[in-house]
Amino acid sequence: MCVDAIEPPSPRLTRRGVLAGAAALAGTVAVTGTAAAAAPDGQEATGPAPARARTGDLVIRGGTLLDPATGAVTEDAVVVIEGGTVRAAGRLGTVSVPGGVEVLDAHGRWILPGLTDAHIHLSTAAEARAAVRQGATSARSGSTSFYQDIAVRELARHSPELAPRLRAAGVFVTPDLGDTVLADPDLTPLARLAGGVRSAEALRRVVEVNLTRGADVIKTRVNERAGLPEQDPLVQVYSHEQLSEIVAAARRRGKGVLCHSYSEKGCHDAVTAGIRSLEHGAFVGERTLHEMRRRGTYFTPTLTAIAGLAEESDPVLAERGRTFLPVLKRAVLAAYELGVPLAAGTDSSGGTVDPIGREVELMRSAGLPALDAIRTATTGAARLLGLERTAGRLVRGFAGDALLLDGNPLADVAVLTRPVRVVRAGIAL
């Protein structure tokens, strides 16, 4: 059965509704005032002027600064943040330090840029705050059920201390939407499709509604879920042709696709269909990794989530985790050695937010050198999100997001799992 060919509502009208949700989450902006949506980084804003973001002026002084891009280590460093943006960074005495500005003492600690979680599900304001406080100052959503991630993105724009800078995915493009058909009136016709969201028209509908609602990326799947014992994550749910339809619909609006995947055939179909990043990918094979390197497709393995399965009380899930984790670690190392770009993501969901530092720790245990493991959550992940000129470094013009650590992450990346202080947009938390 086909879906009625009706046009989605005006993007401007629907984005006002999204901003109302963001304001309700934050409790700081009047929903009927001037709080219209700010455009994604690098895009022109439309509608009324956005609410002005609260940012900070801060000097971080006295620690050891690591630049993940170059590997350079600067002792007795100072980072000057003005209006939430880095104005200068370098050795104390070589950088002009303004007077009358709050100083955060970093003596005896390491200073790193805020980390990026490239796969996380943020459905509540509490989860957004938890992600920031555990070091994820930037993130990419792995989808939410009712567009909560779009509201979290807007929350971050006007109250950055409450949420990570976010690339939102909207709702999952999946055969069975379940109650997600209630996320938007334009999705409700899909509820009557006996076979679920599978036809080209139905797939395009979900993508178009997502993009009309303001999604930055599209999330889909090629395999069933590993985290549900009744599902087999090696069973394929979308064909190469269906995945290509999703990718084409997203590309028409200038957006990329991240794809939940496990089996080698599923991974290969997703990559050759043109996805931007492969998520999970436990059984990705060498031919697909070569294809990913050729295309520049990212690999976001979510080792944290797979390791978490091994700790589940359900015996099916526990066995799945124990089986998948070593296979996935080998795939991560093979990807790294081939030059496939890697991005760190925890796949946190359901109210539990894992520290993004744990994913870096698992990247290291898979065989990556410490600096390259750190890059998967800094410069590498930032590039995937299109934030390579905004996040992942503490140099002039970049975001004033930083972590203070009690130890040397090049010697022990586990220190990233427990930041002593987090700075978001120049605001020390």
# chains A, B, ... in the order shown; residues from 1 in each chain; ligands from 1
>>> residues_around(residues="A:Val423", least_positions_apart="4", cutoff="7 Å", atoms="only C-alpha atoms", output="PyMOL selection string")
chain A and resi 401-403+427-429
>>> residues_around(residues="stretch 358-364 of chain A", least_positions_apart="6", cutoff="7 Å", atoms="only C-alpha atoms", output="ChimeraX atom specification")
/A:303-304,344-346,370,373-374,377,413-414,417
>>> closest_residue(among="A:Ala131, A:Val59, A:Leu112, A:Val420", to="A:Ala72", atoms="only C-alpha atoms")
A:Leu112
>>> closest_atom_pairs(of="stretch 344-378 of chain A", to="stretch 144-166 of chain A", cutoff="12 Å", atoms="only C-alpha atoms", output="JSON lines")
{"residue": "A:Asp347", "atom": "CA", "partner": "A:Thr144", "partner_atom": "CA", "distance": 11.8}
{"residue": "A:Ser348", "atom": "CA", "partner": "A:Thr144", "partner_atom": "CA", "distance": 11.7}
{"residue": "A:Ser349", "atom": "CA", "partner": "A:Thr144", "partner_atom": "CA", "distance": 9.3}
{"residue": "A:Gly350", "atom": "CA", "partner": "A:Thr144", "partner_atom": "CA", "distance": 10.4}
>>> residues_around(residues="A:Lys265", least_positions_apart="5", cutoff="10 Å", atoms="only C-alpha atoms", output="list of chain:residue names")
A:Val222, A:Asn223, A:Leu234, A:Val235, A:Gln236, A:Ser239, A:His240, A:Ala270, A:Val271, A:Phe283, A:Val284, A:Gly285, A:Thr288
>>> closest_residue(among="A:Gly266, A:Gly274, A:Gly367, A:Pro185", to="A:Glu224", atoms="only C-alpha atoms")
A:Gly266
>>> select_by_dssp(residues="stretch 213-399 of chain A", states="alpha helix (DSSP H)", output="VMD selection string")
chain A and resid 240 to 251 264 to 273 286 to 295 303 to 309 315 to 338 356 to 365 370 to 375 379 to 384
>>> select_by_dssp(residues="stretch 127-180 of chain A", states="strand (DSSP E)", output="number ranges by chain")
A: 136-141, 165-167
>>> closest_residue(among="A:Asp412, A:Asp184, A:Asp406, A:Asp314", to="A:Trp110", atoms="only C-alpha atoms")
A:Asp406
>>> atom_distance(atom1="atom CA of A:Val316", atom2="atom CA of A:Pro233")
12.0 Å
>>> closest_residue(among="A:Leu104, A:Ala250, A:Ala307, A:Leu385", to="A:Val206", atoms="only C-alpha atoms")
A:Ala250
>>> residues_around(residues="A:Arg375", least_positions_apart="3", cutoff="12 Å", atoms="only C-alpha atoms", output="PyMOL selection string")
chain A and resi 66-71+112-117+336+341-344+357+359-361+363-364+368-372+378-384+388+391-393+409-410+413
>>> residues_around(residues="A:Leu309", least_positions_apart="2", cutoff="7 Å", atoms="only C-alpha atoms", output="list in words")
Ala305, Ile306, Ala307, Glu311, Glu312, Leu317, Ala318, Arg320 and Gly321 of chain A
>>> atom_distance(atom1="atom CA of A:Glu291", atom2="atom CA of A:Ala335")
10.8 Å
>>> closest_residue(among="A:Leu289, A:Ala118, A:Leu416, A:Leu177", to="A:Cys267", atoms="only C-alpha atoms")
A:Leu289
>>> atom_distance(atom1="atom CA of A:Ser313", atom2="atom CA of A:Gly227")
11.9 Å
>>> residues_around(residues="A:Ala191", least_positions_apart="6", cutoff="10 Å", atoms="only C-alpha atoms", output="JSON list (two decimals) with all heavy atoms, in the first residue's frame")
[["chain", "number", "residue", "atom", "x", "y", "z"],
["A", 3, "VAL", "N", 1.73, 5.41, 0.41],
["A", 3, "VAL", "CA", 1.45, 6.50, 1.34],
["A", 3, "VAL", "C", 0.86, 7.64, 0.54],
["A", 3, "VAL", "O", 1.31, 7.94, -0.57],
["A", 3, "VAL", "CB", 2.75, 6.96, 2.03],
["A", 3, "VAL", "CG1", 2.48, 8.10, 2.98],
["A", 3, "VAL", "CG2", 3.38, 5.80, 2.75],
["A", 176, "ASP", "N", 9.68, -0.85, 11.30],
["A", 176, "ASP", "CA", 8.58, -0.76, 12.27],
["A", 176, "ASP", "C", 8.76, 0.49, 13.13],
["A", 176, "ASP", "O", 9.56, 0.50, 14.05],
["A", 176, "ASP", "CB", 8.56, -2.02, 13.14],
["A", 176, "ASP", "CG", 7.41, -2.01, 14.14],
["A", 176, "ASP", "OD1", 6.52, -1.13, 14.04],
["A", 176, "ASP", "OD2", 7.42, -2.87, 15.04],
["A", 177, "LEU", "N", 8.00, 1.52, 12.84],
["A", 177, "LEU", "CA", 8.11, 2.77, 13.59],
["A", 177, "LEU", "C", 7.47, 2.69, 14.96],
["A", 177, "LEU", "O", 7.81, 3.46, 15.86],
["A", 177, "LEU", "CB", 7.47, 3.92, 12.80],
["A", 177, "LEU", "CG", 8.23, 4.41, 11.57],
["A", 177, "LEU", "CD1", 7.42, 5.50, 10.88],
["A", 177, "LEU", "CD2", 9.61, 4.91, 11.92],
["A", 178, "GLY", "N", 6.53, 1.77, 15.15],
["A", 178, "GLY", "CA", 5.84, 1.68, 16.43],
["A", 178, "GLY", "C", 5.17, 3.00, 16.79],
["A", 178, "GLY", "O", 4.56, 3.65, 15.94],
["A", 179, "ASP", "N", 5.29, 3.40, 18.04],
["A", 179, "ASP", "CA", 4.65, 4.64, 18.48],
["A", 179, "ASP", "C", 5.29, 5.89, 17.90],
["A", 179, "ASP", "O", 4.74, 6.99, 18.04],
["A", 179, "ASP", "CB", 4.67, 4.73, 20.01],
["A", 179, "ASP", "CG", 3.66, 3.81, 20.66],
["A", 179, "ASP", "OD1", 2.72, 3.38, 19.96],
["A", 179, "ASP", "OD2", 3.81, 3.50, 21.86],
["A", 180, "THR", "N", 6.42, 5.74, 17.22],
["A", 180, "THR", "CA", 7.05, 6.90, 16.62],
["A", 180, "THR", "C", 6.18, 7.51, 15.52],
["A", 180, "THR", "O", 6.37, 8.67, 15.15],
["A", 180, "THR", "CB", 8.45, 6.53, 16.08],
["A", 180, "THR", "OG1", 9.26, 6.13, 17.18],
["A", 180, "THR", "CG2", 9.13, 7.69, 15.39],
["A", 181, "VAL", "N", 5.21, 6.76, 14.99],
["A", 181, "VAL", "CA", 4.29, 7.37, 14.02],
["A", 181, "VAL", "C", 3.53, 8.53, 14.64],
["A", 181, "VAL", "O", 2.98, 9.38, 13.94],
["A", 181, "VAL", "CB", 3.29, 6.35, 13.44],
["A", 181, "VAL", "CG1", 4.00, 5.28, 12.64],
["A", 181, "VAL", "CG2", 2.41, 5.74, 14.53],
["A", 182, "LEU", "N", 3.51, 8.60, 15.98],
["A", 182, "LEU", "CA", 2.82, 9.70, 16.66],
["A", 182, "LEU", "C", 3.73, 10.91, 16.86],
["A", 182, "LEU", "O", 3.30, 11.92, 17.41],
["A", 182, "LEU", "CB", 2.30, 9.22, 18.02],
["A", 182, "LEU", "CG", 1.37, 8.01, 18.00],
["A", 182, "LEU", "CD1", 0.98, 7.62, 19.43],
["A", 182, "LEU", "CD2", 0.13, 8.30, 17.17],
["A", 197, "VAL", "N", 7.62, 0.35, 6.94],
["A", 197, "VAL", "CA", 8.26, 1.39, 6.13],
["A", 197, "VAL", "C", 9.30, 0.73, 5.24],
["A", 197, "VAL", "O", 10.47, 0.55, 5.64],
["A", 197, "VAL", "CB", 8.91, 2.47, 7.04],
["A", 197, "VAL", "CG1", 9.61, 3.53, 6.21],
["A", 197, "VAL", "CG2", 7.85, 3.10, 7.94]]
>>> residues_around(residues="A:Ala89", least_positions_apart="6", cutoff="6 Å", atoms="only C-alpha atoms", output="list in words")
Val78, Val79 and Val395 of chain A
>>> write_last_selection(atoms="N, CA and C atoms", output="CSV table (one decimal), in the first residue's frame")
chain,number,residue,atom,x,y,z
A,78,VAL,N,48.3,28.3,29.1
A,78,VAL,CA,47.2,29.2,29.4
A,78,VAL,C,46.3,29.2,28.2
A,79,VAL,N,45.0,29.1,28.5
A,79,VAL,CA,43.9,29.1,27.4
A,79,VAL,C,43.0,30.3,27.8
A,395,VAL,N,42.5,26.0,20.1
A,395,VAL,CA,43.3,27.0,19.4
A,395,VAL,C,42.4,28.1,19.0
>>> closest_residue(among="A:Leu278, A:Ala425, A:Val86, A:Val340", to="A:Thr137", atoms="only C-alpha atoms")
A:Ala425
